[in-house]
file work31.pdb (PDB, C-alpha atoms)
MODEL        1
ATOM      1  CA  ILE A   1       0.000   0.000   0.000  1.00  0.00           C
ATOM      2  CA  ALA A   2       1.478   3.349  -1.059  1.00  0.00           C
ATOM      3  CA  SER A   3       1.393   5.481   2.073  1.00  0.00           C
ATOM      4  CA  ASP A   4       2.973   8.917   2.578  1.00  0.00           C
ATOM      5  CA  LYS A   5       2.005  12.596   2.217  1.00  0.00           C
ATOM      6  CA  ALA A   6       1.407  12.133  -1.514  1.00  0.00           C
ATOM      7  CA  PHE A   7      -0.780   9.022  -1.096  1.00  0.00           C
ATOM      8  CA  CYS A   8      -2.834   9.304   2.057  1.00  0.00           C
ATOM      9  CA  PHE A   9      -6.505   8.794   1.203  1.00  0.00           C
ATOM     10  CA  TYR A  10      -7.888   5.298   1.757  1.00  0.00           C
ATOM     11  CA  TYR A  11     -11.210   4.120   3.107  1.00  0.00           C
ATOM     12  CA  PRO A  12     -10.264   2.020   6.184  1.00  0.00           C
ATOM     13  CA  ASP A  13     -12.993  -0.431   5.163  1.00  0.00           C
ATOM     14  CA  ASN A  14     -11.139  -1.104   1.903  1.00  0.00           C
ATOM     15  CA  LEU A  15      -7.932  -2.102   3.675  1.00  0.00           C
ATOM     16  CA  GLN A  16      -9.865  -4.237   6.147  1.00  0.00           C
ATOM     17  CA  LEU A  17     -11.675  -6.045   3.326  1.00  0.00           C
ATOM     18  CA  ILE A  18      -8.385  -6.684   1.517  1.00  0.00           C
ATOM     19  CA  GLU A  19      -6.972  -8.199   4.706  1.00  0.00           C
ATOM     20  CA  ALA A  20     -10.133 -10.234   5.243  1.00  0.00           C
ATOM     21  CA  ALA A  21      -9.628 -11.653   1.742  1.00  0.00           C
ATOM     22  CA  GLY A  22      -6.264 -13.028   2.871  1.00  0.00           C
ATOM     23  CA  ALA A  23      -3.745 -10.317   2.015  1.00  0.00           C
ATOM     24  CA  LYS A  24      -0.864  -9.270   4.245  1.00  0.00           C
ATOM     25  CA  LEU A  25      -0.532  -5.491   4.047  1.00  0.00           C
ATOM     26  CA  LYS A  26       2.830  -3.764   3.809  1.00  0.00           C
ATOM     27  CA  PHE A  27       3.223  -0.004   3.474  1.00  0.00           C
ATOM     28  CA  PHE A  28       5.809   1.921   1.455  1.00  0.00           C
ATOM     29  CA  SER A  29       6.519   5.483   0.351  1.00  0.00           C
ATOM     30  CA  PRO A  30       6.871   6.260  -3.370  1.00  0.00           C
ATOM     31  CA  MET A  31       8.656   9.461  -2.308  1.00  0.00           C
ATOM     32  CA  ILE A  32      11.278   7.872  -0.044  1.00  0.00           C
ATOM     33  CA  ASN A  33      11.671   4.134  -0.689  1.00  0.00           C
ATOM     34  CA  THR A  34      13.590   2.904  -3.721  1.00  0.00           C
ATOM     35  CA  ASN A  35      11.733  -0.354  -4.344  1.00  0.00           C
ATOM     36  CA  LEU A  36       8.518  -2.140  -3.503  1.00  0.00           C
ATOM     37  CA  PRO A  37       8.519  -4.201  -0.292  1.00  0.00           C
ATOM     38  CA  ALA A  38      10.103  -7.630  -0.617  1.00  0.00           C
ATOM     39  CA  GLY A  39       7.662 -10.292  -1.746  1.00  0.00           C
ATOM     40  CA  THR A  40       5.139  -7.841  -3.220  1.00  0.00           C
ATOM     41  CA  LYS A  41       2.537  -9.562  -5.397  1.00  0.00           C
ATOM     42  CA  GLY A  42       0.259  -6.584  -5.843  1.00  0.00           C
ATOM     43  CA  SER A  43       0.084  -2.894  -4.992  1.00  0.00           C
ATOM     44  CA  TYR A  44      -2.705  -0.441  -4.159  1.00  0.00           C
ATOM     45  CA  LEU A  45      -1.834   3.146  -5.111  1.00  0.00           C
ATOM     46  CA  GLY A  46      -4.488   5.262  -3.450  1.00  0.00           C
ATOM     47  CA  ALA A  47      -5.520   8.891  -3.682  1.00  0.00           C
ATOM     48  CA  GLY A  48      -3.854  11.917  -2.153  1.00  0.00           C
ATOM     49  CA  TYR A  49      -1.879  14.931  -3.345  1.00  0.00           C
ATOM     50  CA  PRO A  50       0.792  13.898  -5.861  1.00  0.00           C
ATOM     51  CA  GLU A  51       0.582  17.373  -7.401  1.00  0.00           C
ATOM     52  CA  LEU A  52       1.923  18.872  -4.139  1.00  0.00           C
ATOM     53  CA  TYR A  53       4.782  16.383  -3.992  1.00  0.00           C
ATOM     54  CA  ALA A  54       5.476  15.970  -7.699  1.00  0.00           C
ATOM     55  CA  LYS A  55       9.106  17.061  -7.324  1.00  0.00           C
ATOM     56  CA  PRO A  56      10.183  14.373  -4.781  1.00  0.00           C
ATOM     57  CA  LEU A  57       8.073  11.761  -6.576  1.00  0.00           C
ATOM     58  CA  SER A  58       9.781  12.591  -9.856  1.00  0.00           C
ATOM     59  CA  ARG A  59      13.263  12.738  -8.305  1.00  0.00           C
ATOM     60  CA  ASN A  60      12.855   9.212  -6.942  1.00  0.00           C
ATOM     61  CA  ARG A  61      13.798   7.593 -10.249  1.00  0.00           C
ATOM     62  CA  ALA A  62      14.544   4.250  -8.588  1.00  0.00           C
ATOM     63  CA  MET A  63      10.981   3.835  -7.340  1.00  0.00           C
ATOM     64  CA  ARG A  64       9.462   5.026 -10.604  1.00  0.00           C
ATOM     65  CA  ALA A  65      11.562   2.476 -12.479  1.00  0.00           C
ATOM     66  CA  ALA A  66      10.711  -0.272  -9.970  1.00  0.00           C
ATOM     67  CA  ILE A  67       6.963   0.287 -10.375  1.00  0.00           C
ATOM     68  CA  ARG A  68       7.226   0.499 -14.166  1.00  0.00           C
ATOM     69  CA  HIS A  69       9.202  -2.759 -14.191  1.00  0.00           C
ATOM     70  CA  PHE A  70       6.652  -4.357 -11.841  1.00  0.00           C
ATOM     71  CA  ILE A  71       3.809  -3.488 -14.231  1.00  0.00           C
ATOM     72  CA  GLU A  72       5.634  -4.561 -17.398  1.00  0.00           C
ATOM     73  CA  ALA A  73       6.615  -7.856 -15.755  1.00  0.00           C
ATOM     74  CA  GLY A  74       2.991  -8.696 -14.946  1.00  0.00           C
ATOM     75  CA  GLY A  75       2.639  -7.395 -11.381  1.00  0.00           C
ATOM     76  CA  THR A  76      -0.858  -6.477 -10.192  1.00  0.00           C
ATOM     77  CA  ILE A  77      -1.607  -2.821  -9.452  1.00  0.00           C
ATOM     78  CA  TYR A  78      -4.847  -1.044  -8.592  1.00  0.00           C
ATOM     79  CA  ALA A  79      -4.622   2.771  -8.652  1.00  0.00           C
ATOM     80  CA  GLU A  80      -7.154   5.464  -7.772  1.00  0.00           C
ATOM     81  CA  CYS A  81      -7.069   9.193  -8.579  1.00  0.00           C
ATOM     82  CA  GLY A  82      -3.650  10.277  -7.256  1.00  0.00           C
ATOM     83  CA  GLY A  83      -2.351   6.786  -7.926  1.00  0.00           C
ATOM     84  CA  LEU A  84      -3.591   7.000 -11.517  1.00  0.00           C
ATOM     85  CA  MET A  85      -1.897  10.400 -11.909  1.00  0.00           C
ATOM     86  CA  TYR A  86       1.393   8.932 -10.671  1.00  0.00           C
ATOM     87  CA  LEU A  87       1.273   6.205 -13.323  1.00  0.00           C
ATOM     88  CA  THR A  88       0.939   8.626 -16.263  1.00  0.00           C
ATOM     89  CA  GLN A  89       3.791  10.035 -18.375  1.00  0.00           C
ATOM     90  CA  THR A  90       4.074  13.427 -16.690  1.00  0.00           C
ATOM     91  CA  LEU A  91       2.269  15.573 -14.119  1.00  0.00           C
ATOM     92  CA  THR A  92       1.917  19.322 -14.666  1.00  0.00           C
ATOM     93  CA  ASP A  93       1.221  21.190 -11.435  1.00  0.00           C
ATOM     94  CA  CYS A  94      -0.821  24.367 -10.898  1.00  0.00           C
ATOM     95  CA  ALA A  95       2.262  26.516 -11.572  1.00  0.00           C
ATOM     96  CA  GLY A  96       2.762  24.901 -14.980  1.00  0.00           C
ATOM     97  CA  ARG A  97       5.807  22.875 -13.918  1.00  0.00           C
ATOM     98  CA  GLN A  98       5.972  19.459 -15.584  1.00  0.00           C
ATOM     99  CA  TYR A  99       7.449  16.435 -13.804  1.00  0.00           C
ATOM    100  CA  PRO A 100       8.134  12.939 -15.204  1.00  0.00           C
ATOM    101  CA  MET A 101       6.092  10.203 -13.523  1.00  0.00           C
ATOM    102  CA  VAL A 102       6.079   6.382 -13.861  1.00  0.00           C
ATOM    103  CA  GLY A 103       5.018   6.379 -17.534  1.00  0.00           C
ATOM    104  CA  ALA A 104       2.984   3.171 -17.535  1.00  0.00           C
ATOM    105  CA  TYR A 105      -0.004   4.847 -19.202  1.00  0.00           C
ATOM    106  CA  PRO A 106       0.348   6.659 -22.571  1.00  0.00           C
ATOM    107  CA  PHE A 107      -1.081   9.968 -21.411  1.00  0.00           C
ATOM    108  CA  LYS A 108      -0.266  12.903 -19.149  1.00  0.00           C
ATOM    109  CA  THR A 109      -1.921  14.635 -16.191  1.00  0.00           C
ATOM    110  CA  ARG A 110      -2.382  18.359 -15.713  1.00  0.00           C
ATOM    111  CA  MET A 111      -3.846  20.342 -12.828  1.00  0.00           C
ATOM    112  CA  LEU A 112      -6.686  22.762 -13.504  1.00  0.00           C
ATOM    113  CA  PRO A 113      -7.561  26.044 -11.725  1.00  0.00           C
ATOM    114  CA  ARG A 114     -11.058  24.785 -10.968  1.00  0.00           C
ATOM    115  CA  LEU A 115     -12.776  21.592  -9.862  1.00  0.00           C
ATOM    116  CA  LYS A 116     -13.010  19.027 -12.660  1.00  0.00           C
ATOM    117  CA  ALA A 117     -15.346  16.463 -11.080  1.00  0.00           C
ATOM    118  CA  LEU A 118     -17.255  15.959  -7.836  1.00  0.00           C
ATOM    119  CA  GLY A 119     -19.964  13.526  -6.811  1.00  0.00           C
ATOM    120  CA  TYR A 120     -20.998  10.024  -5.898  1.00  0.00           C
ATOM    121  CA  ARG A 121     -20.661   7.478  -8.663  1.00  0.00           C
ATOM    122  CA  GLU A 122     -22.027   4.050  -9.508  1.00  0.00           C
ATOM    123  CA  ILE A 123     -19.893   2.301 -12.049  1.00  0.00           C
ATOM    124  CA  VAL A 124     -20.104  -0.905 -14.036  1.00  0.00           C
ATOM    125  CA  ASN A 125     -17.067  -2.721 -15.369  1.00  0.00           C
ATOM    126  CA  ALA A 126     -17.242  -2.481 -19.149  1.00  0.00           C
ATOM    127  CA  LYS A 127     -16.098  -6.083 -19.463  1.00  0.00           C
ATOM    128  CA  LYS A 128     -14.403  -8.702 -17.357  1.00  0.00           C
ATOM    129  CA  THR A 129     -11.128  -7.292 -16.063  1.00  0.00           C
ATOM    130  CA  PHE A 130      -8.330  -9.152 -14.342  1.00  0.00           C
ATOM    131  CA  ILE A 131      -9.863  -8.096 -10.989  1.00  0.00           C
ATOM    132  CA  ALA A 132     -13.588  -8.655 -11.436  1.00  0.00           C
ATOM    133  CA  PRO A 133     -16.332  -9.532 -13.926  1.00  0.00           C
ATOM    134  CA  ALA A 134     -18.882  -6.954 -15.044  1.00  0.00           C
ATOM    135  CA  GLU A 135     -20.628  -5.749 -11.877  1.00  0.00           C
ATOM    136  CA  LYS A 136     -21.719  -2.609 -10.064  1.00  0.00           C
ATOM    137  CA  ILE A 137     -19.694  -0.875  -7.382  1.00  0.00           C
ATOM    138  CA  ARG A 138     -20.038   2.600  -5.863  1.00  0.00           C
ATOM    139  CA  GLY A 139     -17.591   5.325  -4.953  1.00  0.00           C
ATOM    140  CA  HIS A 140     -16.827   9.031  -4.974  1.00  0.00           C
ATOM    141  CA  GLU A 141     -15.088  11.266  -7.522  1.00  0.00           C
ATOM    142  CA  PHE A 142     -13.259  14.468  -6.556  1.00  0.00           C
ATOM    143  CA  HIS A 143     -10.348  15.952  -8.475  1.00  0.00           C
ATOM    144  CA  TYR A 144      -8.886  19.127  -9.962  1.00  0.00           C
ATOM    145  CA  SER A 145      -6.802  17.299 -12.552  1.00  0.00           C
ATOM    146  CA  GLU A 146      -7.502  15.843 -15.959  1.00  0.00           C
ATOM    147  CA  LEU A 147      -5.824  13.425 -18.333  1.00  0.00           C
ATOM    148  CA  CYS A 148      -4.384  14.832 -21.565  1.00  0.00           C
ATOM    149  CA  GLY A 149      -1.786  14.192 -24.249  1.00  0.00           C
ATOM    150  CA  PHE A 150      -2.920  10.693 -25.187  1.00  0.00           C
ATOM    151  CA  VAL A 151      -0.278   8.829 -27.195  1.00  0.00           C
ATOM    152  CA  PRO A 152      -1.627   6.187 -29.619  1.00  0.00           C
ATOM    153  CA  GLY A 153      -0.112   2.752 -29.952  1.00  0.00           C
ATOM    154  CA  LYS A 154      -0.176   1.256 -26.468  1.00  0.00           C
ATOM    155  CA  LYS A 155      -2.938  -1.262 -25.836  1.00  0.00           C
ATOM    156  CA  ILE A 156      -5.214   0.236 -23.186  1.00  0.00           C
ATOM    157  CA  GLN A 157      -8.580  -1.291 -22.333  1.00  0.00           C
ATOM    158  CA  ALA A 158     -11.489   0.827 -21.105  1.00  0.00           C
ATOM    159  CA  ALA A 159     -12.245  -0.602 -17.686  1.00  0.00           C
ATOM    160  CA  TYR A 160     -15.745   0.588 -16.840  1.00  0.00           C
ATOM    161  CA  SER A 161     -18.632   2.922 -17.580  1.00  0.00           C
ATOM    162  CA  MET A 162     -20.525   5.312 -15.335  1.00  0.00           C
ATOM    163  CA  GLU A 163     -23.419   7.724 -15.616  1.00  0.00           C
ATOM    164  CA  GLY A 164     -22.472  11.128 -16.980  1.00  0.00           C
ATOM    165  CA  PRO A 165     -24.378  14.358 -17.721  1.00  0.00           C
ATOM    166  CA  GLY A 166     -27.895  13.741 -19.000  1.00  0.00           C
ATOM    167  CA  LYS A 167     -27.724  10.156 -17.718  1.00  0.00           C
ATOM    168  CA  THR A 168     -25.500   9.159 -20.611  1.00  0.00           C
ATOM    169  CA  ARG A 169     -22.987   6.388 -20.036  1.00  0.00           C
ATOM    170  CA  ILE A 170     -19.382   7.476 -20.272  1.00  0.00           C
ATOM    171  CA  SER A 171     -16.201   5.416 -20.242  1.00  0.00           C
ATOM    172  CA  GLU A 172     -13.369   5.971 -17.826  1.00  0.00           C
ATOM    173  CA  GLY A 173     -10.783   3.824 -16.090  1.00  0.00           C
ATOM    174  CA  TYR A 174      -7.883   2.188 -17.840  1.00  0.00           C
ATOM    175  CA  GLN A 175      -6.393  -1.291 -17.843  1.00  0.00           C
ATOM    176  CA  TYR A 176      -2.887  -2.006 -19.095  1.00  0.00           C
ATOM    177  CA  LYS A 177      -1.656  -5.554 -18.516  1.00  0.00           C
ATOM    178  CA  ASN A 178      -2.439  -6.214 -14.824  1.00  0.00           C
ATOM    179  CA  CYS A 179      -2.640  -2.525 -13.953  1.00  0.00           C
ATOM    180  CA  LEU A 180      -6.072  -0.937 -13.428  1.00  0.00           C
ATOM    181  CA  GLY A 181      -6.352   2.819 -12.811  1.00  0.00           C
ATOM    182  CA  ARG A 182      -9.387   5.064 -12.316  1.00  0.00           C
ATOM    183  CA  TYR A 183     -10.337   8.439 -10.880  1.00  0.00           C
ATOM    184  CA  VAL A 184     -13.231   7.195  -8.730  1.00  0.00           C
ATOM    185  CA  HIS A 185     -12.430   6.302  -5.118  1.00  0.00           C
ATOM    186  CA  LEU A 186     -14.272   3.013  -4.817  1.00  0.00           C
ATOM    187  CA  HIS A 187     -15.780   1.865  -1.541  1.00  0.00           C
ATOM    188  CA  PHE A 188     -15.234  -1.885  -1.535  1.00  0.00           C
ATOM    189  CA  GLY A 189     -18.028  -2.284   1.020  1.00  0.00           C
ATOM    190  CA  SER A 190     -20.533  -1.581  -1.765  1.00  0.00           C
ATOM    191  CA  ASN A 191     -19.358  -4.810  -3.415  1.00  0.00           C
ATOM    192  CA  PRO A 192     -16.867  -6.875  -1.351  1.00  0.00           C
ATOM    193  CA  GLU A 193     -16.275  -9.122  -4.367  1.00  0.00           C
ATOM    194  CA  PHE A 194     -13.971  -6.417  -5.705  1.00  0.00           C
ATOM    195  CA  ALA A 195     -11.605  -6.769  -2.726  1.00  0.00           C
ATOM    196  CA  ARG A 196     -11.650 -10.549  -3.050  1.00  0.00           C
ATOM    197  CA  GLY A 197     -11.023 -10.283  -6.783  1.00  0.00           C
ATOM    198  CA  PHE A 198      -8.084  -7.943  -6.243  1.00  0.00           C
ATOM    199  CA  VAL A 199      -6.442 -10.305  -3.757  1.00  0.00           C
ATOM    200  CA  ALA A 200      -7.088 -13.276  -6.061  1.00  0.00           C
ATOM    201  CA  ALA A 201      -5.433 -11.371  -8.925  1.00  0.00           C
ATOM    202  CA  CYS A 202      -2.403 -10.689  -6.717  1.00  0.00           C
ATOM    203  CA  ARG A 203      -2.148 -14.382  -5.819  1.00  0.00           C
ATOM    204  CA  ALA A 204      -2.386 -15.367  -9.481  1.00  0.00           C
ATOM    205  CA  SER A 205       0.264 -12.875 -10.579  1.00  0.00           C
ATOM    206  CA  GLU A 206       3.169 -14.409 -12.440  1.00  0.00           C
ATOM    207  CA  TYR A 207       5.482 -11.629 -11.278  1.00  0.00           C
ATOM    208  CA  ARG A 208       8.664 -12.862  -9.639  1.00  0.00           C
ATOM    209  CA  SER A 209      11.062 -10.327  -8.169  1.00  0.00           C
ATOM    210  CA  ASN A 210      14.794 -10.887  -8.521  1.00  0.00           C
ATOM    211  CA  GLY A 211      15.673  -7.445  -7.205  1.00  0.00           C
ATOM    212  CA  ILE A 212      17.117  -6.419 -10.587  1.00  0.00           C
ATOM    213  CA  ILE A 213      15.646  -3.604 -12.658  1.00  0.00           C
ATOM    214  CA  ASP A 214      16.407  -3.870 -16.365  1.00  0.00           C
ATOM    215  CA  ASP A 215      18.284  -0.928 -17.896  1.00  0.00           C
ATOM    216  CA  LYS A 216      15.314  -0.081 -20.115  1.00  0.00           C
ATOM    217  CA  PHE A 217      13.374   0.941 -16.999  1.00  0.00           C
ATOM    218  CA  THR A 218      16.034   3.379 -15.818  1.00  0.00           C
ATOM    219  CA  LEU A 219      14.279   6.765 -15.826  1.00  0.00           C
TER     220      LEU A 219
ENDMDL
END
call {"tool": "encode", "arguments": {"input": "work31.pdb", "output": "structure tokens"}}
result
Amino acid sequence: IASDKAFCFYYPDNLQLIEAAGAKLKFFSPMINTNLPAGTKGSYLGAGYPELYAKPLSRNRAMRAAIRHFIEAGGTIYAECGGLMYLTQTLTDCAGRQYPMVGAYPFKTRMLPRLKALGYREIVNAKKTFIAPAEKIRGHEFHYSELCGFVPGKKIQAAYSMEGPGKTRISEGYQYKNCLGRYVHLHFGSNPEFARGFVAACRASEYRSNGIIDDKFTL
């Protein structure tokens, strides 16, 4: 579990449900640590304020490379809001400063001067993902950032749909390999199967850590 000043928003119920599903939780700081905890099979990158700590996050090249390697090698990651922002190519803060991030997703994040989205959400997985089949789960959306600068070519699967303006269904959420990122802060209590599915996906992960990061992931 990513846990520091940049990643500090988690529903306690979510962590309890993950533990109840059989996971052993370990906490790490993407700002300070240089690698994921030993034996990691999956990671939960929660919400927070990466835009306020973009400089130390970006400077920690070792951790950015470790997470990128983990994703490319088949490790399981679930990311929400701030966690999603961290996994994009770059993050542009409110002062217009741009910082390199993990680069797993082929798009960028930029901060806006006004609120982009706020409200309770009910979402439905667009299709069966590596975490869960198509099902409903509820959460909350609140962010001042938006995704931009999409780069074609990388295979990204739309993960779910939710109700937008005028009750239209809109797509959001992105799956790349065993990495699923979305803006909505899900409350796993609205559908505990999601927590069980996440832990099952971690168990099934083929990722094996040898402590070596390939040169191509040096950032």
call {"tool": "resolve_selection", "arguments": {"input": "work31.pdb", "expression": "the PyMOL selection byres ((chain A and resi 18) around 10)", "output": "VMD selection string"}}
result
chain A and resid 13 to 17 19 to 25 188 192 194 to 199
call {"tool": "resolve_selection", "arguments": {"input": "work31.pdb", "expression": "the PyMOL selection byres ((chain A and resi 8) around 12)", "output": "compact mmCIF listing (two decimals) with C-alpha atoms, in the coordinates of the input"}}
result
# COMPACT_ATOMS: atom_id res chain seq x y z
CA ILE A 1 0.00 0.00 0.00
CA ALA A 2 1.48 3.35 -1.06
CA SER A 3 1.39 5.48 2.07
CA ASP A 4 2.97 8.92 2.58
CA LYS A 5 2.00 12.60 2.22
CA ALA A 6 1.41 12.13 -1.51
CA PHE A 7 -0.78 9.02 -1.10
CA PHE A 9 -6.50 8.79 1.20
CA TYR A 10 -7.89 5.30 1.76
CA TYR A 11 -11.21 4.12 3.11
CA PRO A 12 -10.26 2.02 6.18
CA PHE A 27 3.22 0.00 3.47
CA PHE A 28 5.81 1.92 1.46
CA SER A 29 6.52 5.48 0.35
CA PRO A 30 6.87 6.26 -3.37
CA TYR A 44 -2.70 -0.44 -4.16
CA LEU A 45 -1.83 3.15 -5.11
CA GLY A 46 -4.49 5.26 -3.45
CA ALA A 47 -5.52 8.89 -3.68
CA GLY A 48 -3.85 11.92 -2.15
CA TYR A 49 -1.88 14.93 -3.34
CA PRO A 50 0.79 13.90 -5.86
CA GLU A 80 -7.15 5.46 -7.77
CA CYS A 81 -7.07 9.19 -8.58
CA GLY A 82 -3.65 10.28 -7.26
CA GLY A 83 -2.35 6.79 -7.93
call {"tool": "residues_around", "arguments": {"input": "work31.pdb", "residues": "Ile123 in chain A", "least_positions_apart": "5", "cutoff": "9 Å", "atoms": "all atoms listed in the file", "output": "MDAnalysis selection string"}}
result
chainID A and resid 135:139 160:163 184
call {"tool": "residues_around", "arguments": {"input": "work31.pdb", "residues": "range 60-64 of chain A", "least_positions_apart": "3", "cutoff": "10 Å", "atoms": "only C-alpha atoms", "output": "ChimeraX atom specification"}}
result
/A:29-36,55-57,67-70,86-87,100-104,213,217-219
call {"tool": "write_last_selection", "arguments": {"input": "work31.pdb", "atoms": "C-alpha atoms", "output": "compact mmCIF listing (two decimals), keeping the file's coordinate frame"}}
result
# COMPACT_ATOMS: atom_id res chain seq x y z
CA SER A 29 6.52 5.48 0.35
CA PRO A 30 6.87 6.26 -3.37
CA MET A 31 8.66 9.46 -2.31
CA ILE A 32 11.28 7.87 -0.04
CA ASN A 33 11.67 4.13 -0.69
CA THR A 34 13.59 2.90 -3.72
CA ASN A 35 11.73 -0.35 -4.34
CA LEU A 36 8.52 -2.14 -3.50
CA LYS A 55 9.11 17.06 -7.32
CA PRO A 56 10.18 14.37 -4.78
CA LEU A 57 8.07 11.76 -6.58
CA ILE A 67 6.96 0.29 -10.38
CA ARG A 68 7.23 0.50 -14.17
CA HIS A 69 9.20 -2.76 -14.19
CA PHE A 70 6.65 -4.36 -11.84
CA TYR A 86 1.39 8.93 -10.67
CA LEU A 87 1.27 6.20 -13.32
CA PRO A 100 8.13 12.94 -15.20
CA MET A 101 6.09 10.20 -13.52
CA VAL A 102 6.08 6.38 -13.86
CA GLY A 103 5.02 6.38 -17.53
CA ALA A 104 2.98 3.17 -17.54
CA ILE A 213 15.65 -3.60 -12.66
CA PHE A 217 13.37 0.94 -17.00
CA THR A 218 16.03 3.38 -15.82
CA LEU A 219 14.28 6.76 -15.83
call {"tool": "closest_residue", "arguments": {"input": "work31.pdb", "among": "A:Met85, A:His140, A:Lys41, A:Ala79", "to": "His185 in chain A", "atoms": "only C-alpha atoms"}}
result
A:His140
call {"tool": "closest_residue", "arguments": {"input": "work31.pdb", "among": "A:Cys179, A:Ala66, A:Leu52, A:Val124", "to": "Ala38 in chain A", "atoms": "all atoms listed in the file"}}
result
A:Ala66
call {"tool": "atom_distance", "arguments": {"input": "work31.pdb", "atom1": "CA of Gly75 in chain A", "atom2": "CA of Ile156 in chain A"}}
result
16.1 Å
call {"tool": "atom_distance", "arguments": {"input": "work31.pdb", "atom1": "CA of Met111 in chain A", "atom2": "CA of Arg97 in chain A"}}
result
10.0 Å
call {"tool": "resolve_selection", "arguments": {"input": "work31.pdb", "expression": "the PyMOL selection byres ((chain A and resi 42) around 6)", "output": "list of chain:residue names"}}
result
A:Thr40, A:Lys41, A:Ser43, A:Thr76, A:Ile77, A:Cys202
call {"tool": "residues_around", "arguments": {"input": "work31.pdb", "residues": "Lys108 in chain A", "least_positions_apart": "6", "cutoff": "6 Å", "atoms": "all atoms listed in the file", "output": "list in words"}}
result
Thr88, Gln89, Thr90, Leu147, Cys148 and Gly149 of chain A
call {"tool": "atom_distance", "arguments": {"input": "work31.pdb", "atom1": "CA of Ala65 in chain A", "atom2": "CA of Ser205 in chain A"}}
result
19.2 Å
call {"tool": "closest_residue", "arguments": {"input": "work31.pdb", "among": "A:Lys177, A:His143, A:Lys26, A:Arg114", "to": "Tyr207 in chain A", "atoms": "all atoms listed in the file"}}
result
A:Lys177
call {"tool": "closest_residue", "arguments": {"input": "work31.pdb", "among": "A:Thr129, A:Leu112, A:Arg121, A:Ala54", "to": "Tyr176 in chain A", "atoms": "all atoms listed in the file"}}
result
A:Thr129
